[in-house]
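Colleague: Below is the file final24.tsv, with TSV, C-alpha atoms.
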```tsv
chain	number	residue	atom	x	y	z
C	467	ASN	CA	23.67	-32.22	-13.09
C	468	ALA	CA	22.76	-28.53	-13.08
C	469	GLY	CA	19.24	-28.76	-11.57
C	470	VAL	CA	17.66	-25.30	-11.62
C	471	THR	CA	19.71	-22.46	-13.09
C	472	GLN	CA	18.79	-18.80	-12.84
C	473	THR	CA	20.25	-15.98	-14.90
C	474	PRO	CA	21.35	-13.36	-14.19
C	475	LYS	CA	22.53	-13.68	-10.59
C	476	PHE	CA	22.58	-9.93	-9.96
C	477	ARG	CA	21.07	-6.95	-11.70
C	478	VAL	CA	20.58	-3.26	-11.01
C	479	LEU	CA	17.83	-1.46	-12.89
C	480	LYS	CA	16.50	2.05	-13.01
C	481	THR	CA	12.83	2.72	-12.37
C	482	GLY	CA	10.82	2.17	-15.52
C	483	GLN	CA	13.28	-0.19	-17.19
C	484	SER	CA	12.25	-3.65	-18.25
C	485	MET	CA	14.03	-6.95	-17.94
C	486	THR	CA	13.53	-10.69	-18.11
C	487	LEU	CA	14.75	-13.26	-15.62
C	488	LEU	CA	15.41	-16.72	-16.98
C	489	CYS	CA	14.96	-20.01	-15.17
C	490	ALA	CA	16.07	-23.28	-16.73
C	491	GLN	CA	15.68	-26.80	-15.33
C	492	ASP	CA	17.16	-29.99	-16.72
C	493	MET	CA	15.05	-32.48	-14.73
C	494	ASN	CA	12.07	-32.65	-17.10
C	495	HIS	CA	9.83	-31.25	-14.37
C	496	GLU	CA	6.25	-30.30	-15.15
C	497	TYR	CA	5.74	-27.58	-12.52
C	498	MET	CA	7.77	-24.41	-12.28
C	499	TYR	CA	7.41	-21.44	-9.93
C	500	TRP	CA	8.65	-17.90	-9.41
C	501	TYR	CA	8.92	-16.55	-5.86
C	502	ARG	CA	10.17	-13.34	-4.36
C	503	GLN	CA	11.88	-13.27	-0.98
C	504	ASP	CA	11.86	-10.16	1.15
C	505	PRO	CA	13.11	-9.78	4.74
C	506	GLY	CA	10.54	-11.05	7.23
C	507	MET	CA	8.09	-12.02	4.50
C	508	GLY	CA	9.29	-15.49	3.63
C	509	LEU	CA	8.66	-16.70	0.09
C	510	ARG	CA	5.75	-15.27	-1.83
C	511	LEU	CA	4.54	-16.93	-5.00
C	512	ILE	CA	4.42	-14.63	-8.01
C	513	HIS	CA	3.38	-16.96	-10.85
C	514	TYR	CA	3.60	-20.64	-11.56
C	515	SER	CA	3.21	-23.06	-14.45
C	516	VAL	CA	1.76	-26.57	-14.47
C	517	GLY	CA	3.24	-27.45	-17.83
C	518	GLU	CA	4.53	-26.16	-21.13
C	519	GLY	CA	2.35	-23.38	-22.49
C	520	THR	CA	0.48	-22.79	-19.22
C	521	THR	CA	0.83	-20.12	-16.54
C	522	ALA	CA	-1.18	-19.07	-13.50
C	523	LYS	CA	-1.14	-16.24	-10.99
C	524	GLY	CA	0.18	-16.67	-7.50
C	525	GLU	CA	-0.10	-14.51	-4.42
C	526	VAL	CA	1.67	-11.38	-5.73
C	527	PRO	CA	1.41	-11.30	-9.55
C	528	ASP	CA	0.97	-7.57	-10.14
C	529	GLY	CA	3.75	-5.95	-12.15
C	530	TYR	CA	5.07	-9.26	-13.46
C	531	ASN	CA	4.45	-11.43	-16.49
C	532	VAL	CA	5.64	-14.95	-17.25
C	533	SER	CA	5.95	-17.33	-20.15
C	534	ARG	CA	6.60	-21.06	-20.48
C	535	LEU	CA	7.13	-21.62	-24.17
C	536	LYS	CA	9.48	-24.56	-23.56
C	537	LYS	CA	9.07	-27.11	-20.80
C	538	GLN	CA	12.55	-26.52	-19.43
C	539	ASN	CA	12.35	-22.71	-19.30
C	540	PHE	CA	10.24	-20.32	-17.24
C	541	LEU	CA	10.70	-16.60	-17.86
C	542	LEU	CA	9.74	-13.80	-15.48
C	543	GLY	CA	9.34	-10.34	-16.95
C	544	LEU	CA	9.19	-6.92	-15.39
C	545	GLU	CA	7.70	-4.52	-17.93
C	546	SER	CA	8.29	-1.31	-15.98
C	547	ALA	CA	10.42	-1.86	-12.92
C	548	ALA	CA	9.51	-0.13	-9.64
C	549	PRO	CA	11.57	0.21	-6.44
C	550	SER	CA	9.01	-2.03	-4.67
C	551	GLN	CA	10.22	-4.86	-6.89
C	552	THR	CA	13.67	-4.78	-5.34
C	553	SER	CA	13.97	-8.31	-4.00
C	554	VAL	CA	15.60	-11.68	-4.37
C	555	TYR	CA	13.80	-13.83	-6.92
C	556	PHE	CA	13.81	-17.60	-6.76
C	557	CYS	CA	12.75	-20.11	-9.32
C	558	ALA	CA	11.72	-23.64	-8.32
C	559	SER	CA	10.50	-26.77	-10.03
C	560	VAL	CA	8.74	-30.01	-9.12
C	561	GLU	CA	8.29	-33.21	-11.11
C	562	GLY	CA	4.52	-32.79	-10.76
C	563	LEU	CA	3.48	-36.30	-11.66
C	564	GLY	CA	1.61	-38.49	-9.19
C	565	ASN	CA	1.72	-37.69	-5.49
C	566	SER	CA	2.05	-34.09	-4.31
C	567	ASN	CA	4.62	-35.02	-1.65
C	568	GLN	CA	7.56	-34.13	-3.88
C	569	PRO	CA	9.93	-31.40	-2.68
C	570	GLN	CA	10.70	-28.37	-4.76
C	571	HIS	CA	14.12	-27.84	-6.33
C	572	PHE	CA	15.33	-24.25	-6.11
C	573	GLY	CA	17.76	-22.12	-8.05
C	574	ASP	CA	20.28	-19.90	-6.28
C	575	GLY	CA	18.31	-16.74	-6.85
C	576	THR	CA	18.54	-13.46	-8.74
C	577	ARG	CA	19.26	-10.37	-6.65
C	578	LEU	CA	17.49	-7.44	-8.26
C	579	SER	CA	17.80	-3.80	-7.19
C	580	ILE	CA	15.59	-1.11	-8.65
C	581	LEU	CA	16.89	2.44	-8.19
L	359	ALA	CA	-6.75	-24.24	2.56
L	360	GLN	CA	-3.54	-24.47	4.53
L	361	SER	CA	-1.30	-22.15	6.53
L	362	VAL	CA	2.01	-22.32	8.35
L	363	THR	CA	3.25	-20.43	11.39
L	364	GLN	CA	6.88	-20.42	12.43
L	365	LEU	CA	7.29	-19.11	15.95
L	366	GLY	CA	10.29	-16.86	16.30
L	367	SER	CA	11.90	-15.07	13.38
L	368	HIS	CA	15.29	-15.54	15.06
L	369	VAL	CA	16.58	-18.31	17.31
L	370	SER	CA	19.97	-18.03	18.97
L	371	VAL	CA	21.84	-21.00	20.46
L	372	SER	CA	25.34	-21.79	21.60
L	373	GLU	CA	27.43	-24.31	19.72
L	374	GLY	CA	26.68	-27.76	21.12
L	375	ALA	CA	23.25	-26.77	22.46
L	376	LEU	CA	19.90	-28.20	21.41
L	377	VAL	CA	18.26	-26.64	18.38
L	378	LEU	CA	14.46	-26.35	18.38
L	379	LEU	CA	12.67	-24.54	15.56
L	380	ARG	CA	8.90	-24.45	15.82
L	381	CYS	CA	6.36	-24.95	13.06
L	382	ASN	CA	2.59	-25.16	13.41
L	383	TYR	CA	0.25	-25.73	10.51
L	384	SER	CA	-3.40	-25.75	9.68
L	385	SER	CA	-4.80	-27.98	7.00
L	386	SER	CA	-8.26	-29.19	6.05
L	387	VAL	CA	-6.92	-32.55	4.89
L	388	PRO	CA	-3.87	-34.67	5.86
L	389	PRO	CA	-0.83	-32.59	5.00
L	390	TYR	CA	2.59	-33.21	3.63
L	391	LEU	CA	5.18	-31.23	5.59
L	392	PHE	CA	8.64	-30.07	4.65
L	393	TRP	CA	11.60	-28.32	6.22
L	394	TYR	CA	13.99	-26.48	3.95
L	395	VAL	CA	17.30	-24.79	4.79
L	396	GLN	CA	18.71	-21.72	3.07
L	397	TYR	CA	22.38	-20.84	3.43
L	398	PRO	CA	23.52	-17.30	2.62
L	399	ASN	CA	23.29	-16.43	-1.05
L	400	GLN	CA	21.81	-19.80	-1.95
L	401	GLY	CA	18.43	-21.26	-2.75
L	402	LEU	CA	16.39	-23.49	-0.48
L	403	GLN	CA	17.42	-27.11	0.01
L	404	LEU	CA	15.28	-29.90	1.38
L	405	LEU	CA	16.17	-30.96	4.94
L	406	LEU	CA	13.42	-33.49	5.47
L	407	LYS	CA	9.78	-34.21	4.74
L	408	TYR	CA	6.83	-35.99	6.29
L	409	THR	CA	4.36	-37.74	4.02
L	410	THR	CA	2.79	-40.75	5.73
L	411	GLY	CA	3.89	-43.49	8.12
L	412	ALA	CA	6.49	-42.89	10.81
L	413	THR	CA	5.90	-39.58	12.53
L	414	LEU	CA	9.55	-39.06	13.45
L	415	VAL	CA	11.42	-38.08	10.33
L	416	LYS	CA	15.19	-37.91	10.05
L	417	GLY	CA	16.86	-35.58	7.63
L	418	ILE	CA	20.28	-34.45	6.57
L	419	ASN	CA	22.94	-32.95	8.84
L	420	GLY	CA	21.54	-34.59	11.99
L	421	PHE	CA	18.18	-32.80	11.93
L	422	GLU	CA	14.89	-34.51	12.66
L	423	ALA	CA	11.26	-33.48	13.02
L	424	GLU	CA	8.21	-35.06	14.59
L	425	PHE	CA	4.73	-34.82	13.11
L	426	LYS	CA	2.19	-34.38	15.91
L	427	LYS	CA	-1.31	-34.37	14.49
L	428	SER	CA	-2.97	-33.57	17.81
L	429	GLU	CA	-0.82	-30.46	18.19
L	430	THR	CA	-0.74	-29.63	14.45
L	431	SER	CA	3.00	-29.25	14.80
L	432	PHE	CA	6.12	-30.27	12.93
L	433	HIS	CA	8.99	-28.90	15.02
L	434	LEU	CA	12.58	-29.27	13.83
L	435	THR	CA	15.29	-30.38	16.25
L	436	LYS	CA	18.97	-31.16	16.38
L	437	PRO	CA	20.64	-32.40	19.58
L	438	SER	CA	23.85	-30.41	19.19
L	439	ALA	CA	24.21	-27.25	17.14
L	440	HIS	CA	27.22	-26.69	14.93
L	441	MET	CA	28.45	-23.38	13.60
L	442	SER	CA	27.68	-24.58	10.09
L	443	ASP	CA	23.97	-24.87	11.00
L	444	ALA	CA	23.63	-21.09	10.96
L	445	ALA	CA	21.08	-20.47	8.19
L	446	GLU	CA	17.45	-19.62	7.46
L	447	TYR	CA	14.96	-22.45	7.94
L	448	PHE	CA	11.56	-22.67	6.30
L	449	CYS	CA	8.64	-24.92	7.11
L	450	ALA	CA	6.18	-25.68	4.31
L	451	VAL	CA	2.89	-27.52	4.01
L	452	ILE	CA	1.10	-28.95	1.02
L	453	LEU	CA	-2.25	-30.71	0.91
L	454	SER	CA	-2.17	-34.43	0.19
L	455	GLY	CA	-4.00	-35.17	-3.03
L	456	GLY	CA	-4.07	-31.49	-3.84
L	457	SER	CA	-2.14	-29.19	-6.08
L	458	TYR	CA	1.61	-28.74	-6.06
L	459	ILE	CA	1.41	-25.32	-4.48
L	460	PRO	CA	3.03	-25.34	-1.04
L	461	THR	CA	2.50	-22.72	1.63
L	462	PHE	CA	5.68	-21.53	3.32
L	463	GLY	CA	6.23	-20.12	6.78
L	464	ARG	CA	8.04	-16.81	7.09
L	465	GLY	CA	11.26	-18.49	8.09
L	466	THR	CA	13.42	-18.68	11.20
L	467	SER	CA	16.99	-17.48	11.22
L	468	LEU	CA	19.20	-19.76	13.31
L	469	ILE	CA	22.17	-18.02	14.90
L	470	VAL	CA	24.87	-20.20	16.44
L	471	HIS	CA	27.28	-18.65	18.93
L	472	PRO	CA	30.73	-20.15	19.58
```
Rewrite the structure from the file as structure tokens, please.
Modeller:
Amino acid sequence: NAGVTQTPKFRVLKTGQSMTLLCAQDMNHEYMYWYRQDPGMGLRLIHYSVGEGTTAKGEVPDGYNVSRLKKQNFLLGLESAAPSQTSVYFCASVEGLGNSNQPQHFGDGTRLSIL
Amino acid sequence: AQSVTQLGSHVSVSEGALVLLRCNYSSSVPPYLFWYVQYPNQGLQLLLKYTTGATLVKGINGFEAEFKKSETSFHLTKPSAHMSDAAEYFCAVILSGGSYIPTFGRGTSLIVHP
């Protein structure tokens, strides 16, 4: 029972490079989310998806793109990495059917450093 | 709209002492409330949640929280802290009948001294 799996776990990039973070969930959840976590800032929502083929902007979407081509996968892309994007990135999912009192399931994070 | 305020970015207690982590919320409709715990180098895990019914909610690892509508609070407590409780704790609110987009507090780091 893997839950939510994020790859890679660590990555160091140079400014201007691009990369894609992968999130996979095996719970058949409808909703998926990408957050960034910075010291003292809590979790900030980057983008989210309410189902396969759909995406929406969160609180801090600039500099990021996402895709949800398959229900189980949610990809986060950085087209041209900047030092301000150094952070820990978390993916989460929720069943998303019926009542909104369901807790989110989180991955263990991707630690990204931009030099 | 909803918001969450966690008072105190750091709380320090001695092992065996009472743990109290504060969370206040604002919500235009009845909220659902959650506490999550984050251990170092891990993602967030659900501690407990309040939906409807009993206002005192018990969670894992001996934690509990009480929903107080009149005070718009959902404080997290544990009678006796253990070294293993040292972690980051997040309070979150979501609107009942609304979308699945929770609002998180900024987190409180619990430090437990021997």
Colleague: Taking only residues of chain C that have an atom at most 6 Å from an atom of chain L, what is each one's shortest atom pair and its distance in Å to one decimal, using all atoms listed in the file, in chain and number order, as CSV?
Modeller:
```
residue,atom,partner,partner_atom,distance
C:Met507,CA,L:Arg464,CA,5.4
C:Gly508,CA,L:Arg464,CA,3.9
C:Ser566,CA,L:Tyr458,CA,5.6
C:Asn567,CA,L:Tyr390,CA,5.9
C:Phe572,CA,L:Gly401,CA,5.5
C:Gly573,CA,L:Gly401,CA,5.4
C:Asp574,CA,L:Gly401,CA,4.2
```
Colleague: Around the point (-5.8, -24.2, 3.5) in the file's coordinates, collect all residues with an atom within 7 Å, using only C-alpha atoms, and return them as a PDB file with C-alpha atoms, in the frame of the given file.
Modeller:
```pdb
ATOM      1  CA  ALA L 359      -6.750 -24.240   2.560  1.00  0.00           C
ATOM      2  CA  GLN L 360      -3.540 -24.470   4.530  1.00  0.00           C
ATOM      3  CA  SER L 361      -1.300 -22.150   6.530  1.00  0.00           C
ATOM      4  CA  SER L 384      -3.400 -25.750   9.680  1.00  0.00           C
ATOM      5  CA  SER L 385      -4.800 -27.980   7.000  1.00  0.00           C
ATOM      6  CA  SER L 386      -8.260 -29.190   6.050  1.00  0.00           C
TER       7      SER L 386
END
```
Colleague: Which neighbours of region 550-565 of chain C fall inside 6 Å, counting only C-alpha atoms, when residues of the same chain fewer than 3 positions from it are skipped, and could you give them as a PyMOL selection string?
Modeller: chain C and resi 495-504+570-573+575-580
Colleague: Counting all atoms listed in the file, what is within 6 Å of Leu542 (chain C), bar same-chain residues fewer than 4 positions away, as number ranges by chain?
Modeller: C: 486-487, 531-532
Colleague: Could you tell me how far CA of Leu468 (chain L) sits from CA of Gly417 (chain L), in Å to one decimal place?
Modeller: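 If I compute the distance from CA of Gly417 (chain L) to CA of Leu468 (chain L), I get 17.0 Å.
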Colleague: Please put the answer as JSON: centre and edge lengths, in Å with one decimal, of a box along x, y and z that encloses all listed atoms of region 399-404 of chain L plus 6 Å on each side.
Modeller:
```
{"center_x": 19.3, "center_y": -23.2, "center_z": -0.7, "size_x": 20.0, "size_y": 25.5, "size_z": 16.1}
```
Colleague: Set the distance at 9 Å and use all atoms listed in the file: which residues neighbour Tyr530 (chain C) once local chain neighbours fewer than 5 positions away are removed? I'd like the list as a PyMOL selection string.
Modeller: chain C and resi 512-513+542-546
Colleague: Around (13.9, -20.6, -17.5) in the file's frame, which residues reach within 6 Å when counting all atoms listed in the file? Return as JSON, numbers by chain?
Modeller: {"C": [488, 489, 490, 539, 540, 541]}
Colleague: What does the structure give for the distance between CA of Ala548 (chain C) and CA of Gln472 (chain C), in Å to one decimal?
Modeller: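 Computing the Euclidean distance for CA of Ala548 (chain C) and CA of Gln472 (chain C) yields 21.1 Å.
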Colleague: Which residue is closest to Ser533 (chain C)? Choose from C:Lys475, C:Leu511, C:Thr521, C:Val516 and count all atoms listed in the file.
Modeller: C:Thr521
Colleague: What does the structure give for the distance between CA of Ile469 (chain L) and CA of Glu422 (chain L), in Å to one decimal?
Modeller: 18.2 Å
